[in-house]
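This is structure_6.tsv. It holds TSV, C-alpha atoms.
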chain	number	residue	atom	x	y	z
A	1	MET	CA	-108.32	-5.92	-111.66
A	2	SER	CA	-110.96	-8.14	-110.14
A	3	THR	CA	-110.35	-10.70	-107.44
A	4	LEU	CA	-110.85	-13.46	-109.97
A	5	GLY	CA	-108.27	-11.84	-112.28
A	6	ARG	CA	-105.73	-11.58	-109.44
A	7	LEU	CA	-106.35	-15.18	-108.46
A	8	CYS	CA	-105.79	-16.35	-112.06
A	9	SER	CA	-102.56	-14.30	-112.25
A	10	LEU	CA	-101.28	-15.77	-108.98
A	11	SER	CA	-102.19	-19.28	-110.11
A	12	ALA	CA	-100.37	-18.76	-113.40
A	13	LEU	CA	-97.27	-17.48	-111.56
A	14	PHE	CA	-97.39	-20.44	-109.19
A	15	CYS	CA	-97.64	-22.93	-112.08
A	16	PHE	CA	-94.78	-21.22	-113.91
A	17	ALA	CA	-92.57	-21.40	-110.78
A	18	VAL	CA	-93.36	-25.09	-110.28
A	19	LEU	CA	-92.69	-25.93	-113.92
A	20	ALA	CA	-89.47	-23.90	-113.99
A	21	GLY	CA	-88.21	-25.76	-110.92
A	22	ALA	CA	-89.13	-29.13	-112.40
A	23	CYS	CA	-87.23	-28.41	-115.60
A	24	GLN	CA	-83.94	-27.65	-113.89
A	25	SER	CA	-81.32	-30.31	-114.30
A	26	GLU	CA	-80.51	-32.60	-111.44
A	27	PRO	CA	-77.37	-31.74	-109.55
A	28	SER	CA	-74.48	-33.62	-111.04
A	29	SER	CA	-73.43	-36.72	-109.19
A	30	PRO	CA	-70.16	-36.53	-107.30
A	31	PRO	CA	-67.06	-37.69	-109.16
A	32	ASP	CA	-66.05	-41.30	-108.86
A	33	ALA	CA	-65.14	-42.01	-105.24
A	34	ALA	CA	-61.85	-43.61	-106.24
A	35	ALA	CA	-60.86	-40.49	-108.19
A	36	GLN	CA	-61.53	-38.36	-105.11
A	37	ASP	CA	-59.19	-40.49	-103.00
A	38	VAL	CA	-56.16	-40.20	-105.30
A	39	GLN	CA	-53.28	-38.63	-103.43
A	40	THR	CA	-50.32	-36.88	-105.05
A	41	TYR	CA	-47.05	-36.09	-103.33
A	42	GLY	CA	-44.54	-33.80	-105.04
A	43	ALA	CA	-45.01	-33.07	-108.75
A	44	SER	CA	-47.98	-34.38	-110.73
A	45	VAL	CA	-47.57	-37.79	-112.35
A	46	ASP	CA	-48.72	-38.73	-115.85
A	47	THR	CA	-49.97	-42.31	-115.53
A	48	ALA	CA	-50.31	-42.84	-119.31
A	49	ALA	CA	-46.59	-43.59	-119.73
A	50	ALA	CA	-46.27	-45.84	-116.67
A	51	ARG	CA	-44.40	-49.12	-116.86
A	52	ALA	CA	-45.04	-52.04	-114.52
A	53	ALA	CA	-42.61	-52.27	-111.59
A	54	ALA	CA	-41.88	-55.92	-112.45
A	55	GLU	CA	-40.88	-54.96	-116.02
A	56	VAL	CA	-38.53	-52.22	-114.82
A	57	ALA	CA	-36.96	-54.37	-112.09
A	58	ALA	CA	-36.28	-57.19	-114.56
A	59	LYS	CA	-33.94	-55.04	-116.70
A	60	PRO	CA	-33.09	-51.85	-114.78
A	61	SER	CA	-29.85	-51.28	-116.69
A	62	ARG	CA	-31.87	-50.40	-119.82
A	63	LEU	CA	-33.37	-47.41	-118.03
A	64	ALA	CA	-30.47	-46.42	-115.75
A	65	ASP	CA	-30.13	-42.69	-115.14
A	66	THR	CA	-33.27	-41.85	-117.11
A	67	THR	CA	-36.57	-40.38	-116.00
A	68	VAL	CA	-39.15	-43.15	-115.74
A	69	THR	CA	-42.74	-43.54	-114.63
A	70	VAL	CA	-43.34	-46.81	-112.81
A	71	GLN	CA	-46.51	-48.32	-111.38
A	72	GLY	CA	-46.78	-50.92	-108.64
A	73	ARG	CA	-48.26	-51.87	-105.30
A	74	ILE	CA	-46.72	-50.28	-102.24
A	75	SER	CA	-45.13	-53.04	-100.13
A	76	THR	CA	-43.36	-51.01	-97.42
A	77	VAL	CA	-43.08	-47.41	-96.26
A	78	CYS	CA	-40.41	-45.81	-94.07
A	79	GLN	CA	-41.85	-45.98	-90.57
A	80	LYS	CA	-39.83	-43.08	-89.18
A	81	LYS	CA	-40.34	-40.17	-91.58
A	82	GLY	CA	-42.15	-41.43	-94.69
A	83	CYS	CA	-39.07	-40.59	-96.73
A	84	TRP	CA	-39.16	-43.72	-98.90
A	85	LEU	CA	-41.50	-46.46	-100.01
A	86	ALA	CA	-41.00	-49.74	-101.81
A	87	LEU	CA	-42.89	-51.00	-104.85
A	88	ASP	CA	-43.56	-54.73	-105.05
A	89	THR	CA	-42.10	-56.25	-108.20
A	90	GLY	CA	-43.28	-59.81	-107.70
A	91	THR	CA	-39.69	-60.83	-106.97
A	92	ALA	CA	-37.57	-60.69	-103.86
A	93	MET	CA	-36.18	-57.28	-104.78
A	94	PRO	CA	-38.62	-54.35	-104.63
A	95	ILE	CA	-37.95	-50.96	-106.18
A	96	ARG	CA	-37.19	-48.41	-103.47
A	97	VAL	CA	-38.66	-44.94	-104.12
A	98	LEU	CA	-36.73	-42.18	-102.37
A	99	VAL	CA	-38.11	-38.75	-101.53
A	100	PRO	CA	-35.72	-35.97	-102.57
A	101	ARG	CA	-33.76	-34.27	-99.79
A	102	THR	CA	-33.37	-30.53	-99.33
A	103	ASP	CA	-31.14	-28.51	-97.02
A	104	ASP	CA	-34.03	-28.43	-94.53
A	105	GLY	CA	-35.12	-32.06	-94.77
A	106	TYR	CA	-37.29	-33.46	-97.57
A	107	GLU	CA	-39.21	-31.91	-100.47
A	108	PHE	CA	-42.20	-34.00	-99.38
A	109	THR	CA	-42.92	-37.12	-97.39
A	110	VAL	CA	-45.64	-39.76	-97.49
A	111	PRO	CA	-47.75	-41.03	-94.60
A	112	THR	CA	-46.15	-44.00	-92.83
A	113	THR	CA	-49.48	-45.83	-93.16
A	114	LEU	CA	-49.71	-45.35	-96.94
A	115	ALA	CA	-50.97	-48.41	-98.84
A	116	GLY	CA	-52.29	-48.95	-102.35
A	117	GLU	CA	-51.23	-48.65	-105.99
A	118	ALA	CA	-48.54	-46.06	-106.64
A	119	THR	CA	-47.37	-44.46	-109.86
A	120	VAL	CA	-43.98	-42.80	-109.47
A	121	THR	CA	-41.98	-40.49	-111.71
A	122	GLY	CA	-38.27	-40.00	-111.12
A	123	THR	CA	-34.73	-40.98	-112.03
A	124	LEU	CA	-33.98	-44.70	-111.99
A	125	ARG	CA	-30.67	-46.08	-110.80
A	126	THR	CA	-29.17	-49.27	-109.41
A	127	VAL	CA	-27.06	-48.68	-106.31
A	128	GLU	CA	-24.73	-50.61	-104.04
A	129	LEU	CA	-25.64	-50.16	-100.38
A	130	ASP	CA	-23.02	-50.35	-97.66
A	131	SER	CA	-23.85	-52.27	-94.49
A	132	ALA	CA	-24.56	-49.08	-92.51
A	133	THR	CA	-27.20	-48.02	-95.07
A	134	GLN	CA	-28.69	-51.53	-95.09
A	135	ASN	CA	-28.97	-51.42	-91.28
A	136	HIS	CA	-30.47	-47.93	-91.40
A	137	LEU	CA	-33.13	-49.04	-93.90
A	138	ALA	CA	-33.92	-52.10	-91.77
A	139	GLU	CA	-34.43	-49.78	-88.75
A	140	ASP	CA	-36.81	-47.67	-90.89
A	141	GLY	CA	-38.97	-50.72	-91.63
A	142	ALA	CA	-37.44	-52.27	-94.75
A	143	SER	CA	-38.25	-55.98	-94.75
A	144	SER	CA	-34.77	-56.87	-95.96
A	145	ALA	CA	-32.37	-54.30	-97.31
A	146	ARG	CA	-30.03	-55.83	-99.85
A	147	ALA	CA	-26.53	-54.83	-100.86
A	148	ARG	CA	-27.74	-53.89	-104.34
A	149	GLU	CA	-31.11	-52.41	-105.17
A	150	VAL	CA	-33.05	-50.53	-107.81
A	151	GLN	CA	-34.06	-47.04	-106.69
A	152	ILE	CA	-36.08	-44.18	-108.07
A	153	ALA	CA	-35.31	-40.64	-106.91
A	154	ALA	CA	-38.91	-39.44	-107.06
A	155	THR	CA	-40.15	-36.11	-108.31
A	156	GLY	CA	-43.78	-37.15	-107.90
A	157	ILE	CA	-45.80	-39.98	-106.40
A	158	ARG	CA	-49.48	-40.62	-107.19
A	159	VAL	CA	-51.31	-43.12	-104.98
A	160	VAL	CA	-54.70	-44.75	-105.29
A	161	PRO	CA	-55.12	-45.94	-101.70
A	162	ASP	CA	-56.62	-49.24	-100.71
A	163	ALA	CA	-60.31	-48.96	-99.92
Encoded form using structure tokens:
Amino acid sequence: MSTLGRLCSLSALFCFAVLAGACQSEPSSPPDAAAQDVQTYGASVDTAAARAAAEVAAKPSRLADTTVTVQGRISTVCQKKGCWLALDTGTAMPIRVLVPRTDDGYEFTVPTTLAGEATVTGTLRTVELDSATQNHLAEDGASSARAREVQIAATGIRVVPDA
């Protein structure tokens, strides 16, 4: 093959390589930043069936002792262990979300600095708190523990943190 023939072959290969590279698709853009920041503690949570915390707190007896999925803004978190958080209901009484206990401690905990929108799945109940429990919750960071409150024994907590 002549020098001119080799040069034409090399030029053709070079053009093919350039064109092949130009035709490749762009790398996909990263997923939505908010979706990347979602944090899940415990079991996964299906947000499609979520009810607003205010709706649940208004008539908790309708859902007593049933598994519910509730969505609301985190208003307080246990400052000692991250073993509970409270969902703002727009009223004076938040819904307290409790992390399940095990023989060795807790199934999971949440960061004490956690803030944002939470969707929680668990068993709803209304409980009477004795004064010792109210004092204990106040020591953990509860703004005002009441004698009666709505609680969810959580199996899973999904949080979209504040930006």
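If only C-alpha atoms are the atoms counted, then among A:Val120, A:Ala57, A:Ala154, A:Ala132 the closest residue to Tyr106 in chain A is A:Ala154.
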Note to self: Could you list, as a PyMOL selection string, every residue within 6 Å of range 63-66 of chain A, counting all atoms listed in the file and ignoring same-chain residues fewer than 2 positions away?
What the structure shows: chain A and resi 60-61+123-125
Export of prior selection with C-alpha atoms as a PDB file, in the coordinates of the input:
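Saved file selection07.pdb follows:
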ATOM      1  CA  PRO A  60     -33.090 -51.850-114.780  1.00  0.00           C
ATOM      2  CA  SER A  61     -29.850 -51.280-116.690  1.00  0.00           C
ATOM      3  CA  THR A 123     -34.730 -40.980-112.030  1.00  0.00           C
ATOM      4  CA  LEU A 124     -33.980 -44.700-111.990  1.00  0.00           C
ATOM      5  CA  ARG A 125     -30.670 -46.080-110.800  1.00  0.00           C
TER       6      ARG A 125
END
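Of note, CA of Ala49 in chain A and CA of Gly72 in chain A are spaced 13.3 Å apart.
One distance worth recording is that between CA of Leu137 in chain A and CA of Ile157 in chain A, which is 20.0 Å.
Between Thr91 in chain A and the residues A:Ala43, A:Ala53, A:Gln134, A:Thr112, the shortest atom-to-atom distance, using all atoms listed in the file, involves A:Ala53.
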Check: Using only C-alpha atoms, which residue out of A:Gly116, A:Pro100, A:Pro111, A:Gly42 lies closest to Cys78 in chain A?
Finding: A:Pro111
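Between Gly105 in chain A and the residues A:Leu129, A:Thr76, A:Gly82, A:Ala153, the shortest atom-to-atom distance, using only C-alpha atoms, involves A:Gly82.
Going from CA of Leu87 in chain A over to CA of Thr102 in chain A, you cover 23.2 Å.
Distance annotation: of A:Arg62, A:Arg51, A:Arg146, A:Arg158, the residue with the minimal separation from Ala118 in chain A is A:Arg158; atom set is all atoms listed in the file.
Distances from A:Leu98, A:Val159, A:Val127, A:Val77 to Gly141 in chain A were compared using only C-alpha atoms, and the smallest one belongs to A:Val77.
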Notebook entry, point to check: range 44-47 of chain A: which residues within 9 Å, counting all atoms listed in the file, same-chain residues fewer than 3 positions away excluded, as a PyMOL selection string?
Noted result: chain A and resi 40-41+50-51+69-71+119-121+155-158
